[in-house]
file coords39.txt (compact mmCIF, C-alpha atoms)
# COMPACT_ATOMS: atom_id res chain seq x y z
CA MET A 1 31.42 45.21 -17.55
CA GLY A 2 28.78 46.44 -15.20
CA ARG A 3 26.31 44.62 -13.08
CA ALA A 4 24.56 43.02 -16.05
CA ASN A 5 27.73 41.47 -17.41
CA GLU A 6 28.65 40.26 -13.94
CA SER A 7 25.31 38.46 -13.66
CA LEU A 8 25.92 36.87 -17.06
CA ARG A 9 29.25 35.59 -15.88
CA THR A 10 27.69 34.15 -12.73
CA ASN A 11 25.05 32.43 -14.80
CA ALA A 12 27.68 31.08 -17.06
CA ALA A 13 29.65 29.65 -14.21
CA THR A 14 26.72 28.00 -12.55
CA ALA A 15 24.31 27.04 -15.31
CA GLU A 16 26.37 26.06 -18.30
CA GLY A 17 29.74 26.18 -16.73
CA PRO A 18 32.62 27.15 -19.03
CA THR A 19 34.26 23.76 -19.34
CA LEU A 20 37.80 23.41 -20.64
CA ARG A 21 36.48 22.02 -23.90
CA SER A 22 34.07 24.88 -24.51
CA THR A 23 36.76 27.39 -23.64
CA LEU A 24 39.14 25.75 -26.10
CA LEU A 25 36.45 25.77 -28.77
CA ASP A 26 35.84 29.46 -28.09
CA ALA A 27 39.55 30.15 -28.34
CA ALA A 28 39.72 28.23 -31.63
CA ALA A 29 36.74 30.23 -32.93
CA ALA A 30 38.43 33.47 -31.89
CA LEU A 31 41.66 32.51 -33.67
CA LEU A 32 39.77 31.48 -36.81
CA ALA A 33 37.86 34.75 -36.75
CA LEU A 34 41.21 36.55 -36.60
CA VAL A 35 42.25 34.77 -39.80
CA GLY A 36 38.99 36.01 -41.32
CA VAL A 37 39.68 39.55 -40.10
CA ALA A 38 43.16 39.51 -41.66
CA ASP A 39 41.81 38.12 -44.95
CA SER A 40 38.98 40.60 -45.27
CA VAL A 41 41.03 43.61 -44.15
CA TYR A 42 43.61 42.72 -46.80
CA LEU A 43 40.87 42.44 -49.43
CA THR A 44 39.27 45.71 -48.32
CA VAL A 45 42.58 47.54 -48.65
CA GLN A 46 43.28 45.98 -52.05
CA HIS A 47 39.77 46.96 -53.18
CA LEU A 48 40.24 50.54 -51.99
CA LEU A 49 43.60 50.74 -53.76
CA GLY A 50 41.99 49.35 -56.90
CA ASN A 51 44.46 46.48 -57.11
CA THR A 52 42.01 43.61 -57.07
CA LEU A 53 39.85 45.35 -59.63
CA ARG A 54 42.54 44.91 -62.20
CA CYS A 55 42.77 41.81 -64.36
CA THR A 56 45.92 39.95 -63.43
CA ILE A 57 47.71 37.08 -65.08
CA THR A 58 47.76 34.73 -62.16
CA SER A 59 44.44 34.66 -60.40
CA GLY A 60 40.69 34.57 -60.77
CA CYS A 61 40.45 37.20 -58.05
CA SER A 62 40.24 40.01 -60.56
CA GLU A 63 37.18 38.38 -62.10
CA VAL A 64 35.50 37.89 -58.73
CA LEU A 65 36.58 41.05 -56.95
CA GLY A 66 36.12 43.18 -60.04
CA SER A 67 32.56 41.96 -60.47
CA PRO A 68 29.47 43.95 -59.50
CA TYR A 69 28.94 41.51 -56.61
CA ALA A 70 32.16 42.64 -54.92
CA SER A 71 30.54 45.72 -53.41
CA VAL A 72 27.20 46.53 -51.86
CA TRP A 73 25.97 50.14 -51.93
CA GLY A 74 29.45 51.16 -52.97
CA VAL A 75 31.05 49.52 -49.94
CA PRO A 76 33.45 46.63 -50.60
CA LEU A 77 31.89 43.34 -49.54
CA ALA A 78 35.15 42.56 -47.77
CA THR A 79 34.49 45.45 -45.39
CA PHE A 80 31.27 43.81 -44.24
CA GLY A 81 33.29 40.63 -43.87
CA ALA A 82 35.88 42.39 -41.73
CA VAL A 83 33.17 43.78 -39.44
CA ALA A 84 31.49 40.37 -39.21
CA TYR A 85 34.73 38.54 -38.45
CA PHE A 86 35.75 41.12 -35.87
CA THR A 87 32.35 40.81 -34.19
CA ALA A 88 32.74 37.02 -34.25
CA PHE A 89 36.19 37.37 -32.69
CA SER A 90 34.83 39.64 -29.94
CA LEU A 91 31.92 37.32 -29.19
CA ALA A 92 34.14 34.22 -29.14
CA THR A 93 36.57 35.97 -26.79
CA LEU A 94 33.76 37.02 -24.46
CA SER A 95 32.34 33.52 -24.63
CA ALA A 96 35.72 32.06 -23.68
CA PHE A 97 35.59 34.25 -20.58
CA GLY A 98 32.20 32.89 -19.63
CA TYR A 99 29.73 35.31 -21.16
CA VAL A 100 26.83 33.05 -22.08
CA LYS A 101 24.88 35.49 -24.22
CA ALA A 102 27.98 36.09 -26.32
CA ARG A 103 27.96 32.41 -27.25
CA THR A 104 24.33 32.60 -28.34
CA LEU A 105 24.97 35.76 -30.37
CA LEU A 106 28.03 34.11 -31.92
CA ALA A 107 25.89 31.19 -33.06
CA VAL A 108 23.37 33.55 -34.68
CA LEU A 109 26.11 35.60 -36.35
CA VAL A 110 28.00 32.57 -37.66
CA ALA A 111 24.77 31.08 -39.02
CA ALA A 112 24.14 34.29 -40.95
CA MET A 113 27.74 34.40 -42.18
CA PHE A 114 27.48 30.80 -43.32
CA VAL A 115 24.37 31.54 -45.38
CA VAL A 116 26.12 34.52 -47.01
CA THR A 117 29.17 32.32 -47.68
CA LEU A 118 27.02 29.74 -49.47
CA TRP A 119 25.54 32.50 -51.62
CA LEU A 120 29.01 33.85 -52.49
CA LEU A 121 30.26 30.36 -53.35
CA TYR A 122 27.25 29.92 -55.63
CA LEU A 123 28.07 33.24 -57.37
CA GLN A 124 31.69 32.21 -57.90
CA ALA A 125 30.83 28.75 -59.18
CA PHE A 126 27.80 29.38 -61.36
CA VAL A 127 27.58 33.08 -62.18
CA LEU A 128 31.15 34.34 -62.43
CA ASN A 129 32.76 30.99 -63.26
CA ALA A 130 35.86 32.11 -61.40
CA PHE A 131 37.23 31.48 -57.94
CA CYS A 132 39.27 33.81 -55.80
CA GLN A 133 41.56 32.16 -53.27
CA TYR A 134 40.99 34.87 -50.68
CA CYS A 135 37.25 34.36 -50.95
CA LEU A 136 37.72 30.59 -50.67
CA LEU A 137 39.86 31.11 -47.55
CA SER A 138 37.05 33.19 -46.08
CA ALA A 139 34.54 30.47 -46.98
CA ALA A 140 36.73 27.86 -45.27
CA VAL A 141 37.04 30.01 -42.14
CA THR A 142 33.30 30.59 -41.93
CA THR A 143 32.59 26.91 -42.48
CA LEU A 144 34.98 25.94 -39.68
CA LEU A 145 33.39 28.57 -37.44
CA ALA A 146 30.01 27.05 -38.21
CA VAL A 147 31.32 23.59 -37.32
CA ILE A 148 32.69 24.86 -34.00
CA VAL A 149 29.44 26.60 -33.16
CA LEU A 150 27.50 23.49 -34.08
CA ILE A 151 29.68 21.31 -31.82
CA GLN A 152 29.15 23.79 -29.01
CA ARG A 153 25.39 23.77 -29.49
CA LEU A 154 25.20 19.98 -29.66
CA THR A 155 27.42 19.26 -26.70
CA ARG A 156 26.49 22.07 -24.30
CA ARG A 157 25.49 21.18 -20.79
CA ARG A 158 22.00 22.24 -19.92
CA PRO A 159 21.00 23.40 -16.43
CA PHE A 160 18.85 21.02 -14.39
CA ALA A 161 15.20 21.94 -14.38
CA MET B 1 41.47 42.69 -13.77
CA ARG B 2 40.26 39.37 -15.14
CA LYS B 3 36.87 40.97 -15.85
CA ALA B 4 38.55 43.55 -18.05
CA LEU B 5 40.83 41.11 -19.84
CA PRO B 6 38.50 40.08 -22.71
CA PHE B 7 37.72 43.71 -23.44
CA VAL B 8 41.42 44.58 -23.36
CA ILE B 9 42.09 41.76 -25.85
CA ILE B 10 39.25 42.92 -28.12
CA ALA B 11 40.43 46.53 -27.99
CA ALA B 12 44.02 45.47 -28.72
CA VAL B 13 42.92 43.41 -31.74
CA LEU B 14 40.77 46.30 -32.98
CA LEU B 15 43.75 48.65 -32.75
CA ALA B 16 46.02 46.12 -34.44
CA THR B 17 43.46 45.67 -37.23
CA PHE B 18 43.25 49.38 -37.92
CA GLY B 19 47.03 49.65 -37.68
CA ALA B 20 47.55 46.85 -40.18
CA GLY B 21 44.93 48.35 -42.51
CA PHE B 22 46.64 51.73 -42.29
CA LEU B 23 50.05 50.21 -43.05
CA LEU B 24 48.66 48.31 -46.03
CA MET B 25 47.00 51.47 -47.35
CA ARG B 26 50.28 53.36 -47.34
CA PRO B 27 52.01 53.50 -50.70
CA SER B 28 54.49 50.68 -51.17
CA SER B 29 58.02 51.81 -50.40
CA GLY B 30 59.61 51.35 -53.84
CA GLY B 31 57.80 52.69 -56.87
CA GLN B 32 55.50 55.16 -55.19
CA SER B 33 58.33 57.32 -53.96
CA ASP B 34 58.99 58.53 -57.50
CA PRO B 35 56.40 61.31 -57.83
CA PRO B 36 57.21 63.10 -54.54
CA ALA B 37 60.94 62.81 -55.22
CA ALA B 38 60.46 64.38 -58.61
CA THR B 39 58.58 67.38 -57.27
CA GLY B 40 61.44 68.75 -55.19
CA ALA B 41 65.16 68.77 -55.68
CA THR B 42 66.03 69.03 -51.99
CA PRO B 43 64.98 65.58 -50.78
CA ASN B 44 66.53 64.09 -53.88
CA ALA B 45 69.82 65.79 -53.26
CA GLY B 46 69.79 64.89 -49.60
CA ALA B 47 69.02 61.29 -50.26
CA GLN B 48 71.63 60.87 -52.92
CA GLY B 49 74.28 62.92 -51.18
CA ALA B 50 75.25 64.48 -54.49
CA SER B 51 73.95 68.03 -54.30
CA PRO B 52 75.81 69.47 -57.31
CA ALA B 53 74.12 66.93 -59.55
CA ALA B 54 70.68 67.66 -58.17
CA PRO B 55 69.62 70.52 -60.51
CA ALA B 56 70.63 68.51 -63.54
CA ALA B 57 68.85 65.48 -62.15
CA THR B 58 65.59 67.41 -61.83
CA GLN B 59 65.86 68.86 -65.32
CA GLU B 60 66.68 65.67 -67.11
CA PRO B 61 63.24 64.13 -66.82
CA ALA B 62 61.74 67.50 -67.83
CA LYS B 63 62.56 66.62 -71.42
CA PRO B 64 61.57 63.03 -71.86
CA ALA B 65 62.67 61.36 -75.03
CA PRO B 66 59.81 61.51 -77.52
CA VAL B 67 57.91 58.26 -77.60
CA VAL B 68 58.45 56.57 -80.92
CA VAL B 69 55.33 54.91 -82.23
CA GLU B 70 55.43 52.71 -85.30
CA PRO B 71 53.22 53.95 -88.16
CA SER B 72 51.10 50.81 -88.08
CA ALA B 73 50.09 51.34 -84.44
CA HIS B 74 46.51 52.17 -83.53
CA VAL B 75 46.61 55.76 -82.34
CA ARG B 76 43.93 58.18 -81.23
CA GLY B 77 44.86 61.83 -80.86
CA PRO B 78 47.27 64.14 -82.70
CA ALA B 79 50.59 62.70 -83.88
CA ASN B 80 52.53 65.64 -82.39
CA ALA B 81 50.89 65.44 -78.96
CA PRO B 82 53.43 66.02 -76.19
CA VAL B 83 51.96 63.19 -74.10
CA THR B 84 51.77 59.63 -75.42
CA ILE B 85 49.77 57.12 -73.44
CA GLU B 86 50.16 53.46 -74.29
CA GLU B 87 47.10 51.52 -73.16
CA PHE B 88 47.94 47.84 -72.71
CA SER B 89 44.54 46.27 -72.67
CA ASP B 90 42.59 43.04 -72.94
CA PHE B 91 39.17 43.03 -74.62
CA GLN B 92 37.85 40.39 -72.22
CA CYS B 93 39.02 42.16 -69.06
CA PRO B 94 36.09 43.84 -67.24
CA THR B 95 38.31 46.57 -65.82
CA CYS B 96 39.65 47.37 -69.29
CA ALA B 97 36.04 47.69 -70.47
CA ARG B 98 35.39 50.10 -67.60
CA MET B 99 38.52 52.14 -68.35
CA HIS B 100 38.08 52.32 -72.13
CA PRO B 101 35.44 55.10 -72.02
CA VAL B 102 37.54 56.86 -69.38
CA VAL B 103 40.42 56.99 -71.86
CA LYS B 104 38.05 58.50 -74.42
CA GLN B 105 37.04 61.14 -71.87
CA LEU B 106 40.72 61.85 -71.29
CA LEU B 107 41.23 62.37 -75.04
CA ALA B 108 38.27 64.74 -75.10
CA LYS B 109 39.75 66.63 -72.14
CA TYR B 110 43.19 66.98 -73.74
CA PRO B 111 42.45 67.06 -77.48
CA GLN B 112 45.78 68.62 -78.43
CA GLN B 113 48.06 67.31 -75.72
CA VAL B 114 47.37 63.59 -75.58
CA ARG B 115 47.52 60.70 -77.99
CA VAL B 116 46.63 57.16 -77.01
CA VAL B 117 48.29 54.10 -78.51
CA PHE B 118 46.37 50.87 -78.12
CA ARG B 119 48.45 47.81 -77.28
CA HIS B 120 47.07 44.30 -77.05
CA TYR B 121 47.74 42.42 -73.86
CA PRO B 122 45.29 39.50 -73.92
CA LEU B 123 45.50 37.55 -70.66
CA ALA B 124 44.87 34.26 -72.37
CA THR B 125 45.33 32.18 -69.22
CA ILE B 126 42.21 33.62 -67.65
CA HIS B 127 40.32 34.98 -70.67
CA ALA B 128 39.55 32.29 -73.22
CA PHE B 129 38.52 34.63 -76.05
CA ALA B 130 40.88 37.53 -75.39
CA ARG B 131 43.34 36.67 -78.17
CA GLU B 132 40.58 35.99 -80.68
CA ALA B 133 38.95 39.31 -79.78
CA ALA B 134 42.29 41.09 -80.26
CA ARG B 135 42.65 39.46 -83.68
CA ALA B 136 39.05 40.46 -84.50
CA ALA B 137 39.90 44.08 -83.72
CA GLU B 138 42.99 43.80 -85.92
CA ALA B 139 40.93 42.21 -88.70
CA ALA B 140 38.50 45.12 -88.49
CA GLY B 141 41.50 47.45 -88.47
CA MET B 142 42.56 46.02 -91.83
CA GLN B 143 39.31 47.46 -93.17
CA GLY B 144 39.85 50.76 -91.35
CA LYS B 145 37.54 50.09 -88.41
CA PHE B 146 39.89 49.12 -85.57
CA TRP B 147 38.60 51.66 -83.05
CA GLU B 148 34.98 51.08 -83.97
CA MET B 149 35.44 47.35 -83.36
CA ALA B 150 37.41 48.00 -80.16
CA ASP B 151 34.60 50.21 -78.84
CA LEU B 152 32.04 47.58 -79.76
CA LEU B 153 34.01 44.72 -78.19
CA TYR B 154 34.24 46.57 -74.90
CA GLU B 155 30.64 47.75 -75.03
CA LYS B 156 29.33 44.23 -75.68
CA GLN B 157 31.92 42.40 -73.57
CA ALA B 158 29.33 40.83 -71.27
CA GLU B 159 27.60 39.37 -74.32
CA TRP B 160 30.49 37.64 -76.13
CA SER B 161 32.87 36.90 -73.25
CA LYS B 162 30.55 34.26 -71.80
CA ALA B 163 29.67 32.74 -75.14
CA ALA B 164 31.27 29.65 -76.53
CA PRO B 165 32.25 30.13 -79.27
CA ALA B 166 32.53 33.91 -79.35
CA ARG B 167 33.23 34.10 -83.08
CA PRO B 168 29.57 34.46 -84.21
CA TYR B 169 29.34 37.62 -82.12
CA PHE B 170 32.51 39.05 -83.69
CA VAL B 171 31.06 38.36 -87.13
CA GLN B 172 27.81 40.01 -86.10
CA TYR B 173 29.74 43.12 -84.98
CA ALA B 174 31.63 43.13 -88.29
CA GLN B 175 28.29 43.12 -90.12
CA GLN B 176 27.07 45.89 -87.89
CA LEU B 177 30.14 47.98 -88.82
CA GLY B 178 29.55 47.32 -92.52
CA LEU B 179 32.73 45.28 -92.99
CA ASP B 180 33.36 42.71 -95.70
CA VAL B 181 32.55 39.74 -93.49
CA THR B 182 34.25 37.08 -95.59
CA ARG B 183 37.51 39.03 -95.56
CA PHE B 184 37.06 39.80 -91.88
CA GLN B 185 36.77 36.09 -91.05
CA GLN B 186 39.85 35.28 -93.11
CA ASP B 187 41.82 38.05 -91.45
CA ILE B 188 40.92 36.91 -87.93
CA ASP B 189 42.66 33.64 -88.67
CA GLY B 190 45.38 35.21 -90.77
CA THR B 191 49.03 35.64 -89.89
CA ALA B 192 49.05 39.42 -90.10
CA ALA B 193 46.51 39.94 -87.31
CA ALA B 194 48.15 37.27 -85.15
CA MET B 195 51.59 38.85 -85.57
CA ARG B 196 50.36 42.28 -84.56
CA VAL B 197 48.81 40.87 -81.42
CA VAL B 198 51.89 38.82 -80.62
CA ASN B 199 54.16 41.84 -81.08
CA ASP B 200 52.13 43.82 -78.57
CA GLU B 201 52.12 40.87 -76.17
CA ARG B 202 55.91 40.74 -76.42
CA ARG B 203 56.10 44.43 -75.58
CA ALA B 204 54.00 43.84 -72.48
CA ALA B 205 55.91 40.72 -71.49
CA SER B 206 59.29 42.42 -71.86
CA ARG B 207 58.14 45.13 -69.46
CA ARG B 208 56.81 42.49 -67.06
CA PHE B 209 53.37 44.04 -66.71
CA GLN B 210 51.36 42.16 -64.13
CA GLY B 211 47.88 42.88 -65.36
CA THR B 212 45.49 44.90 -67.46
CA PRO B 213 44.87 47.65 -68.08
CA THR B 214 48.36 49.07 -67.77
CA PHE B 215 48.97 52.64 -68.82
CA VAL B 216 52.38 53.91 -69.83
CA VAL B 217 52.63 57.69 -69.98
CA ASN B 218 55.62 58.99 -71.95
CA GLY B 219 57.44 55.78 -71.19
CA ARG B 220 56.60 55.72 -67.48
CA GLU B 221 54.45 52.82 -66.30
CA LEU B 222 51.65 53.88 -63.98
CA LYS B 223 50.64 51.72 -61.07
CA PHE B 224 46.99 50.77 -61.34
CA GLU B 225 46.02 52.86 -58.32
CA GLU B 226 47.59 55.86 -60.12
CA SER B 227 45.47 55.35 -63.19
CA ASN B 228 42.11 53.82 -62.31
CA ASP B 229 39.93 56.87 -62.93
CA LEU B 230 39.79 60.04 -65.00
CA SER B 231 41.18 62.33 -62.30
CA LYS B 232 44.23 60.11 -61.72
CA LEU B 233 44.91 59.74 -65.43
CA SER B 234 44.51 63.51 -65.81
CA ALA B 235 47.01 64.03 -63.00
CA ALA B 236 49.45 61.73 -64.80
CA VAL B 237 48.98 63.75 -67.99
CA GLU B 238 49.53 67.02 -66.09
CA ARG B 239 52.73 65.60 -64.59
CA ALA B 240 53.91 64.57 -68.03
CA LEU B 241 53.06 68.02 -69.44
CA ALA B 242 55.00 69.60 -66.59
CA GLY B 243 57.93 67.41 -67.55
CA GLN B 244 57.92 65.29 -64.45
call {"tool": "encode", "arguments": {"input": "coords39.txt", "output": "structure tokens"}}
result
Amino acid sequence: MGRANESLRTNAATAEGPTLRSTLLDAAAALLALVGVADSVYLTVQHLLGNTLRCTITSGCSEVLGSPYASVWGVPLATFGAVAYFTAFSLATLSAFGYVKARTLLAVLVAAMFVVTLWLLYLQAFVLNAFCQYCLLSAAVTTLLAVIVLIQRLTRRRPFA
Amino acid sequence: MRKALPFVIIAAVLLATFGAGFLLMRPSSGGQSDPPAATGATPNAGAQGASPAAPAATQEPAKPAPVVVEPSAHVRGPANAPVTIEEFSDFQCPTCARMHPVVKQLLAKYPQQVRVVFRHYPLATIHAFAREAARAAEAAGMQGKFWEMADLLYEKQAEWSKAAPARPYFVQYAQQLGLDVTRFQQDIDGTAAAMRVVNDERRAASRRFQGTPTFVVNGRELKFEESNDLSKLSAAVERALAGQ
């Protein structure tokens, strides 16, 4: 919140101008990211407790979350998801308050998350042959985030040369 | 103040996230309270408001009724072992495959104190070949090789569980174990093997188990997080040996 951030805010107000629409889109992105945070924190906890590693009668989650793809270097994949969603939430919030660089970083982050989501969907569909509803919820959230970011990029006002 | 607002929101959400994670990590209120309650009479007595009954209440579970196991059951470990673990398992369940060697390690750790009874609980709704695999193990059991086939089915799970059909693999394992393959194939489809599997499934269904593997130690069902590695299973055995 120092001088640098202040200058970013000034730039935001003058150059791109946080319009009502962009602020609403940022707020929607922040809320969506919160859904992602809740989903991935829940999955992280279930992973740590061992619950999702068990085969259960009702869901394909045990197949997906019990698979070798469910953790990277011993860390549950959902933990990376939680960090990513929380970062997305923070950036969207900052963007809603007029921090221009946050919006750019959000776009980069969401693009990366979307690529990872596509990879995870591929694994569920063609490698594991099982779908987990929590993972599908996460995929839906990331896709919507990507749509929001795309709308923002396509409709942003550019400063006059 | 407005400058600080986004950071305040972010910090609040971060705190709420950790708080929610912490709450979720805490043992669920119902079943998990059993072990601590059993270790001390005082909280028990206080909670129940019946202090004279407390000493008796703590001693009662010290002598659990011996677990009766039918002679036809598949048992590893000495018949007079003070601790009986029933392993409700599904041959197509990856976690069961992971836990199967752990159970063997447990038997090696407690050679005189523990016996393990294998119970079929094929989750047929999500595992297409689970029932057939269970019947294959039973068919091998009719030629005295149940455990050998069970070990093989878990070991090679990745191979047969994605095959369609899985039967050729089961036959191949039977050959590998030196079984009479013609008889083995007949027994897989026979009534006897099916009935044994169904009986175990009924046991599991009547206890409303939610998944596999489920371990029952001297009649007490363990939550999965109480039994998902060797140290936790060992702790459950120690508790059972201590009469808790």
call {"tool": "closest_atom_pairs", "arguments": {"input": "coords39.txt", "of": "chain B", "to": "chain A", "cutoff": "10 Å", "atoms": "all atoms listed in the file", "output": "JSON lines"}}
result
{"residue": "B:Arg2", "atom": "CA", "partner": "A:Phe97", "partner_atom": "CA", "distance": 8.8}
{"residue": "B:Lys3", "atom": "CA", "partner": "A:Met1", "partner_atom": "CA", "distance": 7.1}
{"residue": "B:Ala4", "atom": "CA", "partner": "A:Met1", "partner_atom": "CA", "distance": 7.3}
{"residue": "B:Leu5", "atom": "CA", "partner": "A:Phe97", "partner_atom": "CA", "distance": 8.7}
{"residue": "B:Pro6", "atom": "CA", "partner": "A:Leu94", "partner_atom": "CA", "distance": 5.9}
{"residue": "B:Phe7", "atom": "CA", "partner": "A:Leu94", "partner_atom": "CA", "distance": 7.8}
{"residue": "B:Ile9", "atom": "CA", "partner": "A:Thr93", "partner_atom": "CA", "distance": 8.1}
{"residue": "B:Ile10", "atom": "CA", "partner": "A:Ser90", "partner_atom": "CA", "distance": 5.8}
{"residue": "B:Ala11", "atom": "CA", "partner": "A:Ser90", "partner_atom": "CA", "distance": 9.1}
{"residue": "B:Val13", "atom": "CA", "partner": "A:Leu34", "partner_atom": "CA", "distance": 8.6}
{"residue": "B:Leu14", "atom": "CA", "partner": "A:Phe86", "partner_atom": "CA", "distance": 7.8}
{"residue": "B:Thr17", "atom": "CA", "partner": "A:Ala38", "partner_atom": "CA", "distance": 7.6}
{"residue": "B:Phe18", "atom": "CA", "partner": "A:Val41", "partner_atom": "CA", "distance": 8.8}
{"residue": "B:Ala20", "atom": "CA", "partner": "A:Val41", "partner_atom": "CA", "distance": 8.3}
{"residue": "B:Gly21", "atom": "CA", "partner": "A:Val41", "partner_atom": "CA", "distance": 6.4}
{"residue": "B:Phe22", "atom": "CA", "partner": "A:Val45", "partner_atom": "CA", "distance": 8.6}
{"residue": "B:Leu23", "atom": "CA", "partner": "A:Val45", "partner_atom": "CA", "distance": 9.7}
{"residue": "B:Leu24", "atom": "CA", "partner": "A:Val45", "partner_atom": "CA", "distance": 6.7}
{"residue": "B:Met25", "atom": "CA", "partner": "A:Val45", "partner_atom": "CA", "distance": 6.1}
{"residue": "B:Arg26", "atom": "CA", "partner": "A:Leu49", "partner_atom": "CA", "distance": 9.6}
{"residue": "B:Pro27", "atom": "CA", "partner": "A:Leu49", "partner_atom": "CA", "distance": 9.4}
{"residue": "B:Ser89", "atom": "CA", "partner": "A:Cys55", "partner_atom": "CA", "distance": 9.6}
{"residue": "B:Asp90", "atom": "CA", "partner": "A:Cys55", "partner_atom": "CA", "distance": 8.7}
{"residue": "B:Gln92", "atom": "CA", "partner": "A:Cys55", "partner_atom": "CA", "distance": 9.4}
{"residue": "B:Cys93", "atom": "CA", "partner": "A:Cys55", "partner_atom": "CA", "distance": 6.0}
{"residue": "B:Pro94", "atom": "CA", "partner": "A:Gly66", "partner_atom": "CA", "distance": 7.2}
{"residue": "B:Thr95", "atom": "CA", "partner": "A:Arg54", "partner_atom": "CA", "distance": 5.8}
{"residue": "B:Cys96", "atom": "CA", "partner": "A:Arg54", "partner_atom": "CA", "distance": 8.0}
{"residue": "B:Pro122", "atom": "CA", "partner": "A:Ile57", "partner_atom": "CA", "distance": 9.5}
{"residue": "B:Leu123", "atom": "CA", "partner": "A:Ile57", "partner_atom": "CA", "distance": 6.0}
{"residue": "B:Ala124", "atom": "CA", "partner": "A:Ile57", "partner_atom": "CA", "distance": 8.3}
{"residue": "B:Thr125", "atom": "CA", "partner": "A:Ile57", "partner_atom": "CA", "distance": 6.8}
{"residue": "B:Ile126", "atom": "CA", "partner": "A:Ile57", "partner_atom": "CA", "distance": 7.0}
{"residue": "B:His127", "atom": "CA", "partner": "A:Ile57", "partner_atom": "CA", "distance": 9.5}
{"residue": "B:Lys162", "atom": "CA", "partner": "A:Leu128", "partner_atom": "CA", "distance": 9.4}
{"residue": "B:Phe209", "atom": "CA", "partner": "A:Thr56", "partner_atom": "CA", "distance": 9.1}
{"residue": "B:Gln210", "atom": "CA", "partner": "A:Thr56", "partner_atom": "CA", "distance": 5.9}
{"residue": "B:Gly211", "atom": "CA", "partner": "A:Thr56", "partner_atom": "CA", "distance": 4.0}
{"residue": "B:Thr212", "atom": "CA", "partner": "A:Cys55", "partner_atom": "CA", "distance": 5.2}
{"residue": "B:Pro213", "atom": "CA", "partner": "A:Arg54", "partner_atom": "CA", "distance": 6.9}
{"residue": "B:Thr214", "atom": "CA", "partner": "A:Arg54", "partner_atom": "CA", "distance": 9.1}
{"residue": "B:Lys223", "atom": "CA", "partner": "A:Asn51", "partner_atom": "CA", "distance": 9.0}
{"residue": "B:Phe224", "atom": "CA", "partner": "A:Asn51", "partner_atom": "CA", "distance": 6.5}
{"residue": "B:Glu225", "atom": "CA", "partner": "A:Gly50", "partner_atom": "CA", "distance": 5.5}
{"residue": "B:Glu226", "atom": "CA", "partner": "A:Leu49", "partner_atom": "CA", "distance": 9.1}
{"residue": "B:Ser227", "atom": "CA", "partner": "A:Gly50", "partner_atom": "CA", "distance": 9.4}
{"residue": "B:Asn228", "atom": "CA", "partner": "A:Gly50", "partner_atom": "CA", "distance": 7.0}
{"residue": "B:Asp229", "atom": "CA", "partner": "A:Gly50", "partner_atom": "CA", "distance": 9.9}
call {"tool": "residues_around", "arguments": {"input": "coords39.txt", "residues": "range 76-80 of chain B", "least_positions_apart": "6", "cutoff": "10 Å", "atoms": "all atoms listed in the file", "output": "PyMOL selection string"}}
result
chain B and resi 66+69+104+107-108+110-118+147
call {"tool": "closest_residue", "arguments": {"input": "coords39.txt", "among": "A:Leu123, A:Leu154, A:Leu118, A:Val110", "to": "Ala84 in chain A", "atoms": "all atoms listed in the file"}}
result
A:Val110
call {"tool": "atom_distance", "arguments": {"input": "coords39.txt", "atom1": "CA of Ala28 in chain A", "atom2": "CA of Ala112 in chain A"}}
result
19.1 Å
call {"tool": "atom_distance", "arguments": {"input": "coords39.txt", "atom1": "CA of Phe215 in chain B", "atom2": "CA of Asp151 in chain B"}}
result
17.7 Å
call {"tool": "closest_residue", "arguments": {"input": "coords39.txt", "among": "A:Ala107, A:Val115, A:Val141, A:Ile148", "to": "Thr23 in chain A", "atoms": "only C-alpha atoms"}}
result
A:Ile148
call {"tool": "atom_distance", "arguments": {"input": "coords39.txt", "atom1": "CA of Gly144 in chain B", "atom2": "CA of Leu230 in chain B"}}
result
27.9 Å
call {"tool": "residues_around", "arguments": {"input": "coords39.txt", "residues": "range 133-141 of chain B", "least_positions_apart": "2", "cutoff": "7 Å", "atoms": "all atoms listed in the file", "output": "mmCIF file with C-alpha atoms, in the frame of the given file"}}
result
data_model
loop_
_atom_site.group_PDB
_atom_site.id
_atom_site.type_symbol
_atom_site.label_atom_id
_atom_site.label_comp_id
_atom_site.auth_asym_id
_atom_site.auth_seq_id
_atom_site.Cartn_x
_atom_site.Cartn_y
_atom_site.Cartn_z
ATOM 1 C CA PHE B 91 39.170 43.030 -74.620
ATOM 2 C CA HIS B 120 47.070 44.300 -77.050
ATOM 3 C CA PHE B 129 38.520 34.630 -76.050
ATOM 4 C CA ALA B 130 40.880 37.530 -75.390
ATOM 5 C CA ARG B 131 43.340 36.670 -78.170
ATOM 6 C CA GLN B 143 39.310 47.460 -93.170
ATOM 7 C CA GLY B 144 39.850 50.760 -91.350
ATOM 8 C CA LYS B 145 37.540 50.090 -88.410
ATOM 9 C CA PHE B 146 39.890 49.120 -85.570
ATOM 10 C CA MET B 149 35.440 47.350 -83.360
ATOM 11 C CA ALA B 150 37.410 48.000 -80.160
ATOM 12 C CA PHE B 170 32.510 39.050 -83.690
ATOM 13 C CA PHE B 184 37.060 39.800 -91.880
ATOM 14 C CA ASP B 187 41.820 38.050 -91.450
ATOM 15 C CA ILE B 188 40.920 36.910 -87.930
ATOM 16 C CA ALA B 193 46.510 39.940 -87.310
ATOM 17 C CA ALA B 194 48.150 37.270 -85.150
ATOM 18 C CA VAL B 197 48.810 40.870 -81.420
#
call {"tool": "closest_residue", "arguments": {"input": "coords39.txt", "among": "B:Ala235, B:Ala204, B:Leu177, B:Val83", "to": "Leu152 in chain B", "atoms": "all atoms listed in the file"}}
result
B:Leu177
